[in-house]
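Asks: If you scroll down you'll find the structure; I have some questions about it.
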There are 2 protein chains.
Amino acid sequence: MQRVTIAQVAERAGVSTATVSRVLSRRGQVSAAVERKVRRAADDLGYQVNVIARALRNSRTDTVGMVVPSITNPFFTSLVESVEHALGKEGKELFLCDARSDPRIEARRLASLAARNVDGIIVSPSHGVDSRPAVQQTADRLPLVQLDRFVDGTTTDWVGVDDVAAMRQVMDHLHDGGARSAAFIGSLMTHSSTEQRFAGFRRRAEELGIEVKPDQVLLGDYSVEWGEAAVARLIAEGGLPDALVCADDLIALGATRACRAHGFAVPQQVQVTGYDDIEFSRLAEPALTTVHQPRDRIAAEAVRLLAAASLAKDAERGPHARISLVPTLVVRDSTRAAQAPPDRV
Amino acid sequence: MQRVTIAQVAERAGVSTATVSRVLSRRGQVSAAVERKVRRAADDLGYQVNVIARALRNSRTDTVGMVVPSITNPFFTSLVESVEHALGKEGKELFLCDARSDPRIEARRLASLAARNVDGIIVSPSHGVDSRPAVQQTADRLPLVQLDRFVDGTTTDWVGVDDVAAMRQVMDHLHDGGARSAAFIGSLMTHSSTEQRFAGFRRRAEELGIEVKPDQVLLGDYSVEWGEAAVARLIAEGGLPDALVCADDLIALGATRACRAHGFAVPQQVQVTGYDDIEFSRLAEPALTTVHQPRDRIAAEAVRLLAAASLAKDAERGPHARISLVPTLVVRDSTRAAQAPPDRV
DNA sequence: CACCTCAATGCAATCGATTACAGCTGAGTT
DNA sequence: AACTCAGCTGTAATCGATTGCATTGAGGTG
């Protein structure tokens, strides 16, 4: 299907393939007259480089691979968009893979990307432990940056946000709104984001004297359904605390919905917070208070690290960077205003 | 970075590269003893094929390219997921590109995919007219299937749903719910889906005697913001009709929100319908009545067509297929039950 | 005029896997 | 014993672009 080759262009222009290559890739010196002839011939024939052949020769593909746990999670989708944008500025393209939250599929994707000679890989690992072998092995072969989530005990670059700091803001805000007890709804502790967020939650709750009953830490997965189920369980097992702190927006949307379905007013009776600031958190009823992640910054840093790693090569692979950006709390209507209502204090 | 080559495996196993290749790609006959030696050597060295080199030789990449107008639109995201799944069954991978709804970016993506020797391309064109040159040109070089949307006047395979039939269901349902007037909120007529949906809307409205004022056909883009803006405009310019028929769910979500913000009850005072059945349409308040697209079927058909086209090659490129699947109406709470309330009739 | 410099260009090797063709070996045939 | 043939295996060409090295020739210098 790929018809026109550099040889045909060379023949038509009456020069050698070397010259054509030099003209088309702007390297080496070529006289103006020849350059014109070559360009002319290339245009006439509708020549397009064969990226595959070039990649084989150069072992560079100008392509970066990205693996995310789930492409249907709006947070990752918008992260992907940011990454693609950042890469575009460097003339690179993105090869996107969905791991379906399964470390085995993830491992296959990583291997396949490596076999395709991508210049680097950006991955948000599906599992804090089980993802390790594949991630580590891939990182040994080519530049790799972990994004948002990370695998325990791997030594690669990482970019994400400071979950602990974010949770502190969330808890302070809830406390200001009068919350004196709270539940945490997250995913199983199988990936770093839940772990970190829970750690931040627990620490600040303790400092503020917010009560967290042991059976009010519920772990499932990042989905609306789980948010609904978790709230149903809380209600069945003794009622809701003052606040529901959710590990992501999907859970929070489900939780809010379940609260209202069971007749609990949000935020009057229960405050709810999310995490990620996906587009729909703004549209929910009530609009969700959540933590905004600086996606463009995250993406830009990841791309920068990757570029740096490509240059450094095997040589002086210095210590790996862990870039932690500061997220911001977005206060909307699922939590109460700063001044605690007098009847609660 | 790619270290282990077939030559190294060959040396370690004490055979030629040809034999290694034969073992690893399961072609040609090789004695059991040699096969064992080779596999052993390959494992020891951690050999992985270089997909690039193989692709250059075979001019097949086992990769399919997909271009969508916007990766942040949940409808396309889930379509992508379905396609990836369908491809996975055939051992193929997906190279995903976002056109940002810009035909120029789209053209670049298509060219780049072609240069990468993908085996085929699945595209949902951004623009009904401006996307034509690039799509047609790409289709001339390799197998291409249009999905969901299509470009006017191109001759390629297409898979999508019967928008007109879907709109008939929507209108019948609204009519049953008592609607005697309606507005249409869509995108500019720059892509086929809005065109088709509007055509179906208008025709059935006429047949049912539902009034559609000329200035109540509002065209913007597929976004929540536009849905909100359109409703604001309708209210400012003389009030809402009985029903708002939206060309996609994002618009419908925005429209619903705006209605409620302006004090109009949905569905008691205004019925609202969407299109696509994205996940959040279920979560909205009230849950959105919408048209469900059979995404897995669409994806499966597209992949099938692509495979068929790859086999047929340039040879007997028969007439192109246009596969139109039947979508289903999903009735939720943003429309009224079948029996029209007596006070409306 | 002999000799040197340097820009322009071509030749041919290279990236790694695949495969047509040829060569070899040994079992089976007559 | 000579011959056939199938089954293995190796040699080398190939895919298309890039690039180190060699070659050419124009212009410059003493």
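In the structure tokens, each chain is lettered A, B, ... as it comes, each chain's residues begin at 1, and ligands are numbered from 1 in order of appearance.
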Least-squares superpose chain A onto chain B - every C-alpha atom, paired in order - and show me the moved coordinates as a short mmCIF file (atom, residue, chain, number, x, y, z; two decimals) with C-alpha atoms, in the first residue's frame.
Replies:
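Below is the file that was written, selection.cif:
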```cif
data_model
loop_
_atom_site.label_atom_id
_atom_site.label_comp_id
_atom_site.auth_asym_id
_atom_site.auth_seq_id
_atom_site.Cartn_x
_atom_site.Cartn_y
_atom_site.Cartn_z
CA MET A 1 17.92 0.35 24.03
CA GLN A 2 16.69 -2.62 22.09
CA ARG A 3 19.50 -5.00 22.79
CA VAL A 4 18.90 -8.64 21.99
CA THR A 5 18.53 -9.40 18.30
CA ILE A 6 17.73 -12.53 16.48
CA ALA A 7 21.40 -12.79 15.50
CA GLN A 8 22.47 -13.06 19.10
CA VAL A 9 19.92 -15.73 19.78
CA ALA A 10 21.12 -17.57 16.70
CA GLU A 11 24.71 -17.45 17.82
CA ARG A 12 23.92 -18.67 21.30
CA ALA A 13 21.84 -21.52 19.95
CA GLY A 14 24.44 -22.33 17.31
CA VAL A 15 22.06 -22.00 14.39
CA SER A 16 21.32 -19.45 11.69
CA THR A 17 19.03 -16.47 12.02
CA ALA A 18 16.67 -18.07 9.58
CA THR A 19 16.11 -20.97 11.90
CA VAL A 20 15.53 -18.73 14.86
CA SER A 21 12.98 -16.78 12.92
CA ARG A 22 11.26 -19.97 11.88
CA VAL A 23 11.03 -21.20 15.42
CA LEU A 24 9.85 -17.92 16.84
CA SER A 25 7.25 -17.20 14.24
CA ARG A 26 6.04 -20.81 14.09
CA ARG A 27 6.45 -21.16 10.36
CA GLY A 28 8.45 -23.67 8.45
CA GLN A 29 9.58 -26.95 9.86
CA VAL A 30 12.19 -27.25 12.51
CA SER A 31 13.33 -30.32 14.39
CA ALA A 32 12.25 -30.64 17.96
CA ALA A 33 15.80 -30.60 19.26
CA VAL A 34 16.71 -27.38 17.50
CA GLU A 35 13.47 -25.79 18.50
CA ARG A 36 14.25 -26.48 22.14
CA LYS A 37 17.73 -25.02 21.81
CA VAL A 38 16.45 -21.89 20.19
CA ARG A 39 13.70 -21.30 22.67
CA ARG A 40 16.13 -21.85 25.46
CA ALA A 41 18.56 -19.31 24.04
CA ALA A 42 15.79 -16.78 23.44
CA ASP A 43 14.57 -17.09 26.98
CA ASP A 44 18.04 -16.85 28.43
CA LEU A 45 18.71 -13.65 26.60
CA GLY A 46 15.27 -12.24 27.18
CA TYR A 47 14.71 -11.84 23.47
CA GLN A 48 11.75 -9.82 22.24
CA VAL A 49 10.94 -9.31 18.59
CA ASN A 50 11.54 -5.89 17.21
CA VAL A 51 8.12 -5.05 15.92
CA ILE A 52 9.50 -2.26 13.80
CA ALA A 53 11.83 -4.49 11.87
CA ARG A 54 9.15 -7.07 11.39
CA ALA A 55 6.73 -4.45 10.20
CA LEU A 56 9.21 -3.16 7.66
CA ARG A 57 9.66 -6.57 6.24
CA ASN A 58 6.04 -7.70 6.31
CA SER A 59 4.38 -4.36 5.79
CA ARG A 60 1.93 -5.40 8.46
CA THR A 61 1.93 -3.92 11.91
CA ASP A 62 -1.04 -5.58 13.55
CA THR A 63 -2.00 -2.12 14.58
CA VAL A 64 -5.14 -0.21 13.75
CA GLY A 65 -5.38 3.55 13.98
CA MET A 66 -8.42 5.33 15.33
CA VAL A 67 -9.18 9.01 15.09
CA VAL A 68 -12.00 10.60 17.09
CA PRO A 69 -13.12 14.21 17.27
CA SER A 70 -12.64 14.45 21.00
CA ILE A 71 -11.32 12.03 23.49
CA THR A 72 -12.99 13.88 26.33
CA ASN A 73 -16.45 13.18 24.98
CA PRO A 74 -17.59 10.15 26.99
CA PHE A 75 -19.42 8.71 24.04
CA PHE A 76 -16.27 8.44 22.00
CA THR A 77 -14.33 7.20 24.96
CA SER A 78 -16.57 4.27 25.42
CA LEU A 79 -16.61 3.65 21.70
CA VAL A 80 -12.83 3.53 21.80
CA GLU A 81 -12.99 1.07 24.62
CA SER A 82 -15.29 -1.17 22.63
CA VAL A 83 -13.06 -0.98 19.59
CA GLU A 84 -9.97 -1.79 21.57
CA HIS A 85 -11.72 -4.77 23.03
CA ALA A 86 -12.85 -6.02 19.64
CA LEU A 87 -9.36 -5.61 18.22
CA GLY A 88 -7.79 -7.39 21.15
CA LYS A 89 -9.60 -10.55 20.15
CA GLU A 90 -7.79 -10.45 16.81
CA GLY A 91 -4.43 -9.80 18.40
CA LYS A 92 -4.32 -6.29 17.08
CA GLU A 93 -3.56 -3.09 18.90
CA LEU A 94 -5.05 0.34 18.75
CA PHE A 95 -3.25 3.58 18.04
CA LEU A 96 -5.57 6.34 19.23
CA CYS A 97 -5.56 9.94 18.04
CA ASP A 98 -7.61 12.95 19.08
CA ALA A 99 -8.46 15.41 16.33
CA ARG A 100 -9.64 18.15 18.69
CA SER A 101 -12.59 18.61 16.35
CA ASP A 102 -10.27 20.31 13.89
CA PRO A 103 -10.16 18.89 10.34
CA ARG A 104 -6.58 20.12 9.92
CA ILE A 105 -5.34 18.27 12.95
CA GLU A 106 -7.41 15.33 11.81
CA ALA A 107 -5.70 15.37 8.42
CA ARG A 108 -2.30 15.33 10.09
CA ARG A 109 -3.28 12.42 12.26
CA LEU A 110 -4.53 10.44 9.33
CA ALA A 111 -1.36 11.07 7.37
CA SER A 112 0.77 10.14 10.30
CA LEU A 113 -1.13 6.91 10.84
CA ALA A 114 -0.75 6.02 7.18
CA ALA A 115 2.97 6.70 7.38
CA ARG A 116 3.14 4.36 10.31
CA ASN A 117 1.79 1.57 8.18
CA VAL A 118 -1.16 0.81 10.34
CA ASP A 119 -3.19 -2.03 8.91
CA GLY A 120 -6.32 0.05 8.80
CA ILE A 121 -8.01 3.14 10.13
CA ILE A 122 -11.24 3.74 11.98
CA VAL A 123 -12.31 7.34 11.95
CA SER A 124 -15.21 9.37 13.15
CA PRO A 125 -14.72 12.48 11.05
CA SER A 126 -14.82 15.86 12.74
CA HIS A 127 -16.49 17.70 9.94
CA GLY A 128 -19.02 16.63 7.34
CA VAL A 129 -17.36 18.56 4.56
CA ASP A 130 -13.91 19.77 5.52
CA SER A 131 -12.81 16.33 6.57
CA ARG A 132 -13.41 14.97 3.12
CA PRO A 133 -10.06 15.41 1.34
CA ALA A 134 -8.03 13.80 4.08
CA VAL A 135 -10.47 10.96 4.63
CA GLN A 136 -10.84 10.20 0.97
CA GLN A 137 -7.12 10.33 0.34
CA THR A 138 -6.41 8.06 3.26
CA ALA A 139 -9.10 5.64 2.18
CA ASP A 140 -7.43 5.40 -1.22
CA ARG A 141 -4.25 4.14 0.38
CA LEU A 142 -5.49 1.73 3.01
CA PRO A 143 -8.57 0.13 4.52
CA LEU A 144 -10.68 2.71 6.27
CA VAL A 145 -13.98 2.54 8.08
CA GLN A 146 -16.00 5.52 9.18
CA LEU A 147 -17.73 5.21 12.50
CA ASP A 148 -20.79 7.00 13.81
CA ARG A 149 -20.26 10.15 11.81
CA PHE A 150 -19.39 10.16 8.14
CA VAL A 151 -18.21 12.53 5.50
CA ASP A 152 -20.53 13.62 2.79
CA GLY A 153 -19.75 12.06 -0.53
CA THR A 154 -16.99 9.68 0.42
CA THR A 155 -17.07 6.09 -0.62
CA THR A 156 -15.80 4.07 2.30
CA ASP A 157 -17.31 1.57 4.64
CA TRP A 158 -19.41 3.05 7.41
CA VAL A 159 -20.94 1.74 10.61
CA GLY A 160 -23.32 3.67 12.75
CA VAL A 161 -26.89 3.83 13.89
CA ASP A 162 -30.05 4.81 12.14
CA ASP A 163 -30.48 8.31 13.48
CA VAL A 164 -33.74 8.84 11.71
CA ALA A 165 -35.29 5.74 13.23
CA ALA A 166 -34.00 6.74 16.63
CA MET A 167 -35.48 10.18 16.36
CA ARG A 168 -38.78 8.71 15.41
CA GLN A 169 -38.83 6.77 18.66
CA VAL A 170 -37.87 9.88 20.59
CA MET A 171 -40.60 11.97 19.03
CA ASP A 172 -43.25 9.31 19.46
CA HIS A 173 -42.33 9.04 23.10
CA LEU A 174 -42.44 12.79 23.65
CA HIS A 175 -45.76 12.97 21.86
CA ASP A 176 -47.14 10.24 24.06
CA GLY A 177 -45.98 12.31 26.99
CA GLY A 178 -48.08 15.18 25.75
CA ALA A 179 -45.58 17.31 23.87
CA ARG A 180 -47.18 19.41 21.15
CA SER A 181 -44.26 21.72 20.49
CA ALA A 182 -40.53 21.12 20.52
CA ALA A 183 -37.14 22.73 20.03
CA PHE A 184 -34.03 21.10 18.63
CA ILE A 185 -30.63 21.82 20.14
CA GLY A 186 -27.70 20.46 18.16
CA SER A 187 -24.35 21.35 16.77
CA LEU A 188 -23.75 23.26 13.59
CA MET A 189 -24.66 21.08 10.64
CA THR A 190 -21.00 20.31 10.17
CA HIS A 191 -21.22 16.67 10.81
CA SER A 192 -23.51 13.97 9.75
CA SER A 193 -24.89 13.01 13.14
CA THR A 194 -26.55 16.35 13.72
CA GLU A 195 -27.83 16.44 10.18
CA GLN A 196 -29.37 13.02 10.37
CA ARG A 197 -30.81 13.54 13.80
CA PHE A 198 -32.29 16.84 12.82
CA ALA A 199 -33.78 15.36 9.68
CA GLY A 200 -35.39 12.59 11.70
CA PHE A 201 -36.63 15.09 14.24
CA ARG A 202 -38.18 17.39 11.72
CA ARG A 203 -39.85 14.69 9.70
CA ARG A 204 -41.50 12.99 12.62
CA ALA A 205 -42.47 16.28 14.23
CA GLU A 206 -44.32 17.14 11.07
CA GLU A 207 -46.04 13.78 10.88
CA LEU A 208 -47.16 14.03 14.49
CA GLY A 209 -48.22 17.63 14.23
CA ILE A 210 -45.67 18.81 16.77
CA GLU A 211 -44.94 22.46 16.31
CA VAL A 212 -41.35 23.52 15.67
CA LYS A 213 -40.80 27.23 15.46
CA PRO A 214 -38.08 28.17 12.99
CA ASP A 215 -36.15 30.07 15.64
CA GLN A 216 -36.30 27.14 17.98
CA VAL A 217 -33.71 25.15 16.12
CA LEU A 218 -30.47 26.08 17.82
CA LEU A 219 -27.10 24.99 16.57
CA GLY A 220 -23.84 25.23 18.52
CA ASP A 221 -21.58 22.38 19.48
CA TYR A 222 -21.59 19.16 21.45
CA SER A 223 -20.97 20.49 24.94
CA VAL A 224 -22.67 21.09 28.24
CA GLU A 225 -22.03 24.81 27.96
CA TRP A 226 -23.86 25.05 24.68
CA GLY A 227 -26.84 23.23 26.15
CA GLU A 228 -27.03 25.78 28.92
CA ALA A 229 -26.57 28.73 26.60
CA ALA A 230 -29.20 27.48 24.18
CA VAL A 231 -31.84 27.18 26.86
CA ALA A 232 -31.00 30.62 28.19
CA ARG A 233 -31.54 31.97 24.73
CA LEU A 234 -34.86 30.16 24.28
CA ILE A 235 -36.14 31.54 27.55
CA ALA A 236 -35.01 35.04 26.69
CA GLU A 237 -36.65 34.88 23.30
CA GLY A 238 -40.14 33.88 24.23
CA GLY A 239 -40.09 30.82 26.42
CA LEU A 240 -39.67 27.08 26.24
CA PRO A 241 -41.66 24.63 24.12
CA ASP A 242 -43.07 21.41 25.59
CA ALA A 243 -39.92 19.45 24.76
CA LEU A 244 -36.24 20.00 24.14
CA VAL A 245 -34.73 17.45 21.79
CA CYS A 246 -30.97 17.49 22.07
CA ALA A 247 -28.51 16.05 19.58
CA ASP A 248 -26.35 14.52 22.29
CA ASP A 249 -26.28 13.89 26.01
CA LEU A 250 -23.82 16.63 26.87
CA ILE A 251 -26.15 19.22 25.39
CA ALA A 252 -29.09 17.63 27.14
CA LEU A 253 -27.35 17.68 30.50
CA GLY A 254 -26.60 21.37 30.08
CA ALA A 255 -30.11 22.07 28.92
CA THR A 256 -31.67 20.28 31.85
CA ARG A 257 -29.46 22.15 34.24
CA ALA A 258 -30.38 25.50 32.72
CA CYS A 259 -34.09 24.69 32.81
CA ARG A 260 -33.95 23.95 36.49
CA ALA A 261 -31.78 26.97 37.16
CA HIS A 262 -34.44 29.13 35.54
CA GLY A 263 -37.19 27.51 37.52
CA PHE A 264 -38.64 25.17 34.92
CA ALA A 265 -39.41 21.71 36.22
CA VAL A 266 -38.16 18.77 34.16
CA PRO A 267 -40.09 16.82 33.03
CA GLN A 268 -43.29 18.42 34.41
CA GLN A 269 -42.99 21.65 32.44
CA VAL A 270 -40.37 20.73 29.87
CA GLN A 271 -39.36 17.31 28.66
CA VAL A 272 -35.73 16.83 27.66
CA THR A 273 -34.09 14.08 25.65
CA GLY A 274 -30.46 13.32 24.88
CA TYR A 275 -28.61 10.96 22.58
CA ASP A 276 -25.78 8.45 23.12
CA ASP A 277 -26.57 7.18 26.61
CA ILE A 278 -23.27 8.15 28.21
CA GLU A 279 -22.77 6.99 31.76
CA PHE A 280 -23.58 10.33 33.32
CA SER A 281 -26.96 10.56 31.68
CA ARG A 282 -28.08 7.98 34.22
CA LEU A 283 -26.71 10.02 37.10
CA ALA A 284 -28.14 13.35 36.14
CA GLU A 285 -30.98 14.86 38.08
CA PRO A 286 -33.44 13.92 36.72
CA ALA A 287 -31.93 10.90 34.99
CA LEU A 288 -31.93 11.54 31.29
CA THR A 289 -34.12 9.88 28.70
CA THR A 290 -31.82 9.16 25.81
CA VAL A 291 -30.97 6.96 22.86
CA HIS A 292 -28.66 4.07 23.52
CA GLN A 293 -26.13 3.24 20.86
CA PRO A 294 -25.02 -0.40 20.63
CA ARG A 295 -21.37 0.45 20.98
CA ASP A 296 -20.02 -3.06 21.14
CA ARG A 297 -21.91 -4.04 18.02
CA ILE A 298 -20.73 -0.94 16.20
CA ALA A 299 -17.15 -1.66 17.18
CA ALA A 300 -17.38 -5.31 16.23
CA GLU A 301 -18.78 -4.50 12.81
CA ALA A 302 -16.09 -1.91 12.18
CA VAL A 303 -13.35 -4.35 13.05
CA ARG A 304 -14.93 -6.99 10.87
CA LEU A 305 -15.12 -4.65 7.90
CA LEU A 306 -11.53 -3.65 8.36
CA ALA A 307 -10.38 -7.23 8.40
CA ALA A 308 -12.36 -7.96 5.28
CA ALA A 309 -10.94 -4.93 3.52
CA SER A 310 -7.41 -5.97 4.39
CA LEU A 311 -7.93 -9.32 2.78
CA ALA A 312 -9.58 -8.01 -0.36
CA LYS A 313 -6.64 -5.65 -0.93
CA ASP A 314 -6.70 -3.41 -3.94
CA ALA A 315 -8.17 -6.21 -5.97
CA GLU A 316 -11.91 -6.50 -5.96
CA ARG A 317 -12.72 -3.58 -3.72
CA GLY A 318 -16.37 -4.25 -3.96
CA PRO A 319 -19.06 -1.71 -3.26
CA HIS A 320 -18.67 -0.25 0.17
CA ALA A 321 -20.77 -1.33 3.08
CA ARG A 322 -22.99 1.00 5.03
CA ILE A 323 -24.05 -0.77 8.15
CA SER A 324 -26.79 0.89 10.06
CA LEU A 325 -27.67 -0.53 13.45
CA VAL A 326 -30.84 0.10 15.35
CA PRO A 327 -30.48 2.13 18.52
CA THR A 328 -32.89 1.83 21.42
CA LEU A 329 -34.73 4.46 23.38
CA VAL A 330 -33.92 4.49 27.08
CA VAL A 331 -36.73 6.10 29.00
CA ARG A 332 -35.73 7.68 32.29
CA ASP A 333 -37.02 10.65 34.25
CA SER A 334 -36.51 13.65 32.03
CA THR A 335 -39.61 12.80 30.00
CA ARG A 336 -43.15 11.99 31.00
CA ALA A 337 -44.68 8.56 31.17
CA ALA A 338 -46.55 7.26 28.14
CA GLN A 339 -50.01 8.30 29.24
CA ALA A 340 -50.37 11.97 28.50
CA PRO A 341 -51.74 13.91 31.44
CA PRO A 342 -55.38 14.72 30.69
CA ASP A 343 -54.93 18.44 31.18
CA ARG A 344 -52.59 18.62 28.22
CA VAL A 345 -54.67 16.84 25.65
#
```
Asks: Using 9 Å as the limit and counting only C-alpha atoms (C1' of nucleotides), can you tabulate each residue of chain C that touches chain A, with its shortest atom-to-atom distance in Å and the two atoms involved, as a tab-separated table?
Replies:
```
residue	atom	partner	partner_atom	distance
C:DA7	C1'	A:Gln29	CA	7.8
C:DA8	C1'	A:Val30	CA	6.3
C:DT9	C1'	A:Thr19	CA	7.0
C:DG10	C1'	A:Ser16	CA	6.3
C:DT14	C1'	A:Arg57	CA	7.5
C:DC15	C1'	A:Arg57	CA	4.4
C:DG16	C1'	A:Leu56	CA	7.7
```
Asks: Using only N, CA and C atoms (P, O5', C5', C4', C3', O3' and C1' of nucleotides), please write the residues we just selected to a file, as a short mmCIF file (atom, residue, chain, number, x, y, z; two decimals), in the first residue's frame.
Replies:
```
data_model
loop_
_atom_site.label_atom_id
_atom_site.label_comp_id
_atom_site.auth_asym_id
_atom_site.auth_seq_id
_atom_site.Cartn_x
_atom_site.Cartn_y
_atom_site.Cartn_z
P DA C 7 32.93 23.55 2.90
"O5'" DA C 7 31.65 23.75 1.96
"C5'" DA C 7 31.72 24.65 0.85
"C4'" DA C 7 31.11 24.00 -0.37
"C3'" DA C 7 29.76 23.32 -0.10
"O3'" DA C 7 28.89 23.65 -1.16
"C1'" DA C 7 31.28 21.77 -1.07
P DA C 8 27.36 23.14 -1.12
"O5'" DA C 8 27.41 21.88 -2.08
"C5'" DA C 8 27.76 22.08 -3.45
"C4'" DA C 8 27.72 20.75 -4.16
"C3'" DA C 8 26.42 19.94 -3.96
"O3'" DA C 8 25.99 19.54 -5.25
"C1'" DA C 8 28.31 18.60 -3.45
P DT C 9 24.57 18.83 -5.43
"O5'" DT C 9 24.97 17.30 -5.36
"C5'" DT C 9 25.68 16.73 -6.44
"C4'" DT C 9 26.18 15.36 -6.06
"C3'" DT C 9 25.10 14.33 -5.72
"O3'" DT C 9 24.90 13.54 -6.87
"C1'" DT C 9 27.11 14.10 -4.42
P DG C 10 23.88 12.28 -6.87
"O5'" DG C 10 24.87 11.07 -6.64
"C5'" DG C 10 26.02 10.96 -7.47
"C4'" DG C 10 26.87 9.78 -7.02
"C3'" DG C 10 26.10 8.47 -6.80
"O3'" DG C 10 26.88 7.40 -7.31
"C1'" DG C 10 27.23 9.04 -4.80
P DT C 14 28.16 -3.05 7.73
"O5'" DT C 14 26.82 -2.43 8.31
"C5'" DT C 14 26.83 -1.12 8.86
"C4'" DT C 14 25.41 -0.72 9.22
"C3'" DT C 14 24.59 -1.84 9.85
"O3'" DT C 14 24.38 -1.53 11.22
"C1'" DT C 14 23.35 -0.57 8.25
P DC C 15 24.03 -2.73 12.27
"O5'" DC C 15 22.52 -2.39 12.62
"C5'" DC C 15 22.15 -1.14 13.16
"C4'" DC C 15 20.66 -0.99 13.03
"C3'" DC C 15 19.90 -2.28 13.31
"O3'" DC C 15 19.44 -2.26 14.66
"C1'" DC C 15 19.08 -1.16 11.34
P DG C 16 19.72 -3.58 15.55
"O5'" DG C 16 18.62 -4.60 15.06
"C5'" DG C 16 17.26 -4.35 15.39
"C4'" DG C 16 16.39 -5.33 14.64
"C3'" DG C 16 16.69 -6.81 14.93
"O3'" DG C 16 15.49 -7.40 15.34
"C1'" DG C 16 16.52 -6.42 12.59
#
```
Asks: Provide as a short mmCIF file (atom, residue, chain, number, x, y, z; two decimals) with C-alpha atoms (C1' of nucleotides), in the first residue's frame the residues of chain D at most 10 Å from chain B, counting only C-alpha atoms (C1' of nucleotides).
Replies:
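Heads up, here's the output in out-v4.cif:
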```cif
data_model
loop_
_atom_site.label_atom_id
_atom_site.label_comp_id
_atom_site.auth_asym_id
_atom_site.auth_seq_id
_atom_site.Cartn_x
_atom_site.Cartn_y
_atom_site.Cartn_z
"C1'" DG D 7 13.08 -32.64 6.04
"C1'" DC D 8 16.28 -29.38 8.15
"C1'" DT D 9 19.24 -25.69 8.08
"C1'" DG D 10 22.11 -21.99 6.25
"C1'" DT D 11 23.21 -18.07 2.89
"C1'" DT D 14 15.03 -7.82 0.94
"C1'" DC D 15 11.99 -4.10 3.18
"C1'" DG D 16 13.06 1.80 2.98
#
```
Asks: Give the strand (DSSP E or B) residues of range 24-210 of chain A, as DSSP finds them on the backbone, and put them as a PyMOL selection string.
Replies: chain A and resi 63-68+93-98+120-123+144-147+157-161+181-187
Asks: Compile the contact shell of DA13 in chain D as a list in words: residues with an atom at most 12 Å away, counting only C-alpha atoms (C1' of nucleotides), same-chain residues fewer than 4 positions apart removed.
Replies: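 Near neighbours after the sequence-gap exclusion: Arg57 of chain B; DT18, DT19, DA20 and DC21 of chain C.
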Asks: How many Å lie between C1' of DG27 in chain D and C1' of DC11 in chain C, rounded to one decimal?
Replies: 25.4 Å
Asks: At a cut-off of 12 Å, using only C-alpha atoms (C1' of nucleotides), what residues contact DT29 in chain D? Leave out same-chain residues fewer than 6 positions from it and give the result as number ranges by chain.
Replies: C: 1-5
Asks: Based on the selection just made, write C-alpha atoms (C1' of nucleotides) of those residues as a PDB file, in the first residue's frame.
Replies:
```pdb
ATOM      1  C1'  DC C   1      50.682  24.903 -13.855  1.00  0.00           C
ATOM      2  C1'  DA C   2      50.791  21.723  -9.996  1.00  0.00           C
ATOM      3  C1'  DC C   3      48.577  21.232  -5.888  1.00  0.00           C
ATOM      4  C1'  DC C   4      45.224  21.940  -2.215  1.00  0.00           C
ATOM      5  C1'  DT C   5      40.556  22.799  -0.147  1.00  0.00           C
TER       6       DT C   5
END
```
Asks: Record the distance separating C1' of DG23 in chain C and C1' of DA2 in chain D, expressed in Å with one decimal.
Replies: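 Between C1' of DG23 in chain C and C1' of DA2 in chain D the gap works out to 19.9 Å.
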Asks: Determine which residues of range 75-306 of chain B receive a DSSP assignment of alpha helix (DSSP H), computed from the backbone, and state them as a PyMOL selection string.
Replies: chain B and resi 75-88+103-115+132-141+163-176+192-208+224-236+249-261+279-283+295-306
Asks: In Å, with one decimal, what is the gap from C1' of DC3 in chain D to C1' of DC24 in chain C?
Replies: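 Computing the Euclidean distance for C1' of DC3 in chain D and C1' of DC24 in chain C yields 15.7 Å.
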